[in-house]
Amino acid sequence: MRYLPICDRVRLSRRDVGGPPDAVCTVATEFDDCGQSAVNESAPDIFLSYSRGDEVQARKLIAFLQNEGFTVWWDGMLEAGTVFTRTTERALEQAGAVLVLWTATSVQSNWVRDEAQSGRDRGVLVPISLDGSLPPLGFRQFQSVDLSGWRGSSDAPEIRNVRAAVSRLVDRELSSPSAPASAKPPQLSDRAYRSEPKSKPTRFLAAGLAAILALTAGIFAVTRTANTSDVDSSSLAILPFENLSGDANKAYFSTGLSEELRQVLSQGGYLQVAARTSTEEAAQNTNAVEVAALLQVRYLLDGSVRQDGGKVRFSVQLIDGETGFDIWSEVYERPLDDIFAVQSDIAEQVARALKLQLGEDTALASREGGTDSPAALDAYLRGKALYDLSRDEATFRAAQRQFEAAVKADPDYGAAWAMLSRTQTLIASSYPSDVPLAQSYAVAVETARRAVETAPDLAAAQAALGFVLFNGRLDATSAREPMEQANRLGQNDADILQLYASYAARTGDFEAATKAIERAIRRDPLNAVALRTQADILATQGDFAKARSAAAEALRLNPDMRVVHRILGDMFYHEGQFAKARQEYEKEGSKLSRFTALAMTLPRLGDKEGGERNFRELQREYGLNGLYQQAQVFAQTGRTTEALDALEQAYTVNDSGLVLLRHDPMFKGLRKQPRFVALLRRMGFSTPDVTGQSRR
């Protein structure tokens with residue numbers, strides 16, 4: 001590229017770009033003696049930004065674009081550094097598309113970065129990699145078309161993809177196909193969030209998020225009828241937003257905003273939104289088409305967030321999962337303190353779009369159970385990030401403090417009350433405390449009731465109440481209504497569906513359990529925990545073949561997944577294949593499961609001493625927290641009285657293992673015992689007859 005002094009007269013002809021010598025570019029620059037310019041008043045289709053060392057390749061691209069009928073501005077920077085001429089600024093601001101040629105050289109150029117930023121801010125950026133180089137930080141959330149292998153052919157798939165991207169932006173219908181099936185999709189950029197530790201409805205919706213929602217709703221409505229793919233045309237995955245704040249400690253904010261958006265878009269059921277766990281797993285790929293195929297979705301929503309002082313800037317793009325190209329992209333910047341001031345105006349735009357496309361009864365402008373307090377939202381997102389780490393007691397207690405801060409800042413924040421209750425329940429059931437367990441569960445119940453009171457239509461609130469009543473209070477009857485409500489409200493939430501499936505199976509409704517877990521897996525196909533739950537439900541019903549298949553898939557996704565080897569071992573155990581059961585149990589990562597299983601199995605293989613050794617380890621390591629498992633060992637070693645004593649004591653201390661009691665085959669020999677039947681009734685369980693069917 002030539003760099004020109006301000007007062008030179010320049011006229012670019014097609015000779016400069018390999019075209020006929022008598023043809024003159026539509027956009028030509030004339031500088032008068034004082035630096036003012038005269039320019040063709042029509043805006044160019046394309047502004048091309050590149051570096052001096054890439055001129056040869058740039059000329060080839062310019063020739064192709066002009067031969068396709070596009071007008072190209074390509075002499076856009078001056079040697080003066082950061083000073084742009086008025087003509088350059090005008091062309092940059094008016095161009096329908098800004099093509100940026102990234103190379104190892106151009107990523108170092110301040111000029112190229114400035115022009116790329118202009119295109120990004122206007123939502124018209126088309127990034128291209130000439131040598132396979134990644135864009136610089138700040139631009140990696142936009143897919144770059146890889147032209148490193150292009151040799152000038154106008155029929156090459158990659159150059160046709162460039163043409164397709166530009167034609168969409170300049171709203172031009174061209175005669176030949178814009179994206180042939182053989183076209184190689186662009187790559188998703190390397191994402192900063194991949195180095196972060198993996199983790200896990202709201203009045204709050206920042207103006208930018210509301211605008212994204214409005215645009216998304218409109219685009220889905222327009223494209224729904226045109227899609228002929230087997231994938232649901234209303235299916236979407238929201239990739240974890242990249243943290244561009246320059247501070248790894250702020251990753252919670254970018255991840256949290258993408259999760260908030262996922263919750264909003266999941267409401268109402270008009271979009272099929274992939275769950276977070278599978279989305280994060282699939283996003284390890286850099287190819288947009290591959291990610292969409294893994295998740296079985298038509299569209300991807302990608303983005304980045306930069307939090308700087310009192311301002312938030314986030315960039316988003318909606319990507320067609322079939323081609324890998326952007327459908328639209330936008331950049332939003334809002335002051336944290338003023339972000340809700342513009343919300344009502346944006347909400348009106350959303351409402352108009354939804355009335356036009358989806359009908360007046362669809363309300364998606366806000367998340368159920370959310371907040372309009374920036375401080376409350378920030379505390380909630382911090383708490384959620386800590387909770388999702390699932391690291392240790394200190395981490396969970398830190399999460400609890402953040403949720404407490406969130407509800408203090410906004411006492412009507414239903415989602416925060418729900419997460420506070422879940423955290424209180426988890427801490428009470430997992431870690432010793434000077435506070436009596438019953439008292440800790442009572443606090444968690446009251447917190448969950450507050451969540452339901454403030455947000456009765458929030459699935460997570462109903463689930464939190466059902467969870468603590470069942471797993472904490474051991475009251476299956478009281479848990480039924482909130483669990484059923486959670487299932488009804490959470491049909492698009494894989495976590496809620498999985499929780500309900502476990503409850504339904506443990507209370508004997510295997511039809512509902514099967515339906516819920518299958519729906520959860522469709523929403524979250526790469527979630528090993530969901531597959532483990534499915535394996536457990538199938539094994540409990542005696543369908544060992546399907547259970548083994550689900551367990552194998554769970555281990556394929558996560559070879560270190562706990563409890564799966566216990567499930568596999570249990571099936572061999574009940575088939576009388578004790579040697580194979582032992583092999584599985586010895587692989588089990590959960591010590592609680594391993595000690596219990598080996599204490600039952602080794603005596604059947606003639607190693608009574610080994611069984612006793614594992615039983616002593618179980619008692620020493622877990623004490624009263626392992627009473628349910630001790631009862632299993634007693635039952636399987638012929639000590640019926642000791643087993644019943646341990647079960648009754650487990651109920652006294654609120655041992656959550658008892659939720660498994662109704663269908664646990666380890667207690668098959670005790671099911672006719674009056675003490676066993678009485679305990680089931682005390683917990684609100686129906687009692688199974690000898691065939692395993694429910695008596696109500």
# chains A, B, ... in the order shown; residues from 1 in each chain; ligands from 1
call {"tool": "residues_around", "arguments": {"residues": "A:Arg562", "least_positions_apart": "5", "cutoff": "8 Å", "atoms": "only C-alpha atoms", "output": "list in words"}}
result
Glu588, Gly589 and Ser590 of chain A
call {"tool": "write_last_selection", "arguments": {"atoms": "N, CA and C atoms", "output": "PDB file, in the first residue's frame"}}
result
ATOM      1  N   GLU A 588     -13.718 -46.592  41.125  1.00  0.00           N
ATOM      2  CA  GLU A 588     -14.596 -45.510  41.558  1.00  0.00           C
ATOM      3  C   GLU A 588     -13.828 -44.423  42.304  1.00  0.00           C
ATOM      4  N   GLY A 589     -14.040 -43.163  41.869  1.00  0.00           N
ATOM      5  CA  GLY A 589     -13.339 -42.033  42.467  1.00  0.00           C
ATOM      6  C   GLY A 589     -13.933 -41.552  43.771  1.00  0.00           C
ATOM      7  N   SER A 590     -15.209 -41.826  44.007  1.00  0.00           N
ATOM      8  CA  SER A 590     -15.858 -41.424  45.259  1.00  0.00           C
ATOM      9  C   SER A 590     -15.518 -42.434  46.342  1.00  0.00           C
TER      10      SER A 590
END
call {"tool": "residues_around", "arguments": {"residues": "A:Val633", "least_positions_apart": "2", "cutoff": "7 Å", "atoms": "only C-alpha atoms", "output": "JSON, numbers by chain"}}
result
{"A": [596, 599, 600, 629, 630, 631, 635, 636, 637]}
call {"tool": "residues_around", "arguments": {"residues": "A:Phe403", "least_positions_apart": "5", "cutoff": "6 Å", "atoms": "only C-alpha atoms", "output": "PDB file with C-alpha atoms, in the first residue's frame"}}
result
ATOM      1  CA  TYR A 380     -25.184 -12.553  42.242  1.00  0.00           C
ATOM      2  CA  GLY A 383     -21.710 -15.842  43.851  1.00  0.00           C
ATOM      3  CA  ALA A 416     -30.564 -14.780  44.270  1.00  0.00           C
ATOM      4  CA  LEU A 420     -28.825 -18.812  48.403  1.00  0.00           C
TER       5      LEU A 420
END
call {"tool": "closest_residue", "arguments": {"among": "A:Val107, A:Leu489, A:Ile537, A:Ala643", "to": "A:Ala512", "atoms": "only C-alpha atoms"}}
result
A:Ile537
call {"tool": "closest_residue", "arguments": {"among": "A:Ala274, A:Ile427, A:Ala520, A:Ala97", "to": "A:Ala394", "atoms": "only C-alpha atoms"}}
result
A:Ile427
call {"tool": "residues_around", "arguments": {"residues": "A:Ile128", "least_positions_apart": "3", "cutoff": "6 Å", "atoms": "only C-alpha atoms", "output": "list in words"}}
result
Val100, Leu101, Trp102, Ser144 and Val145 of chain A
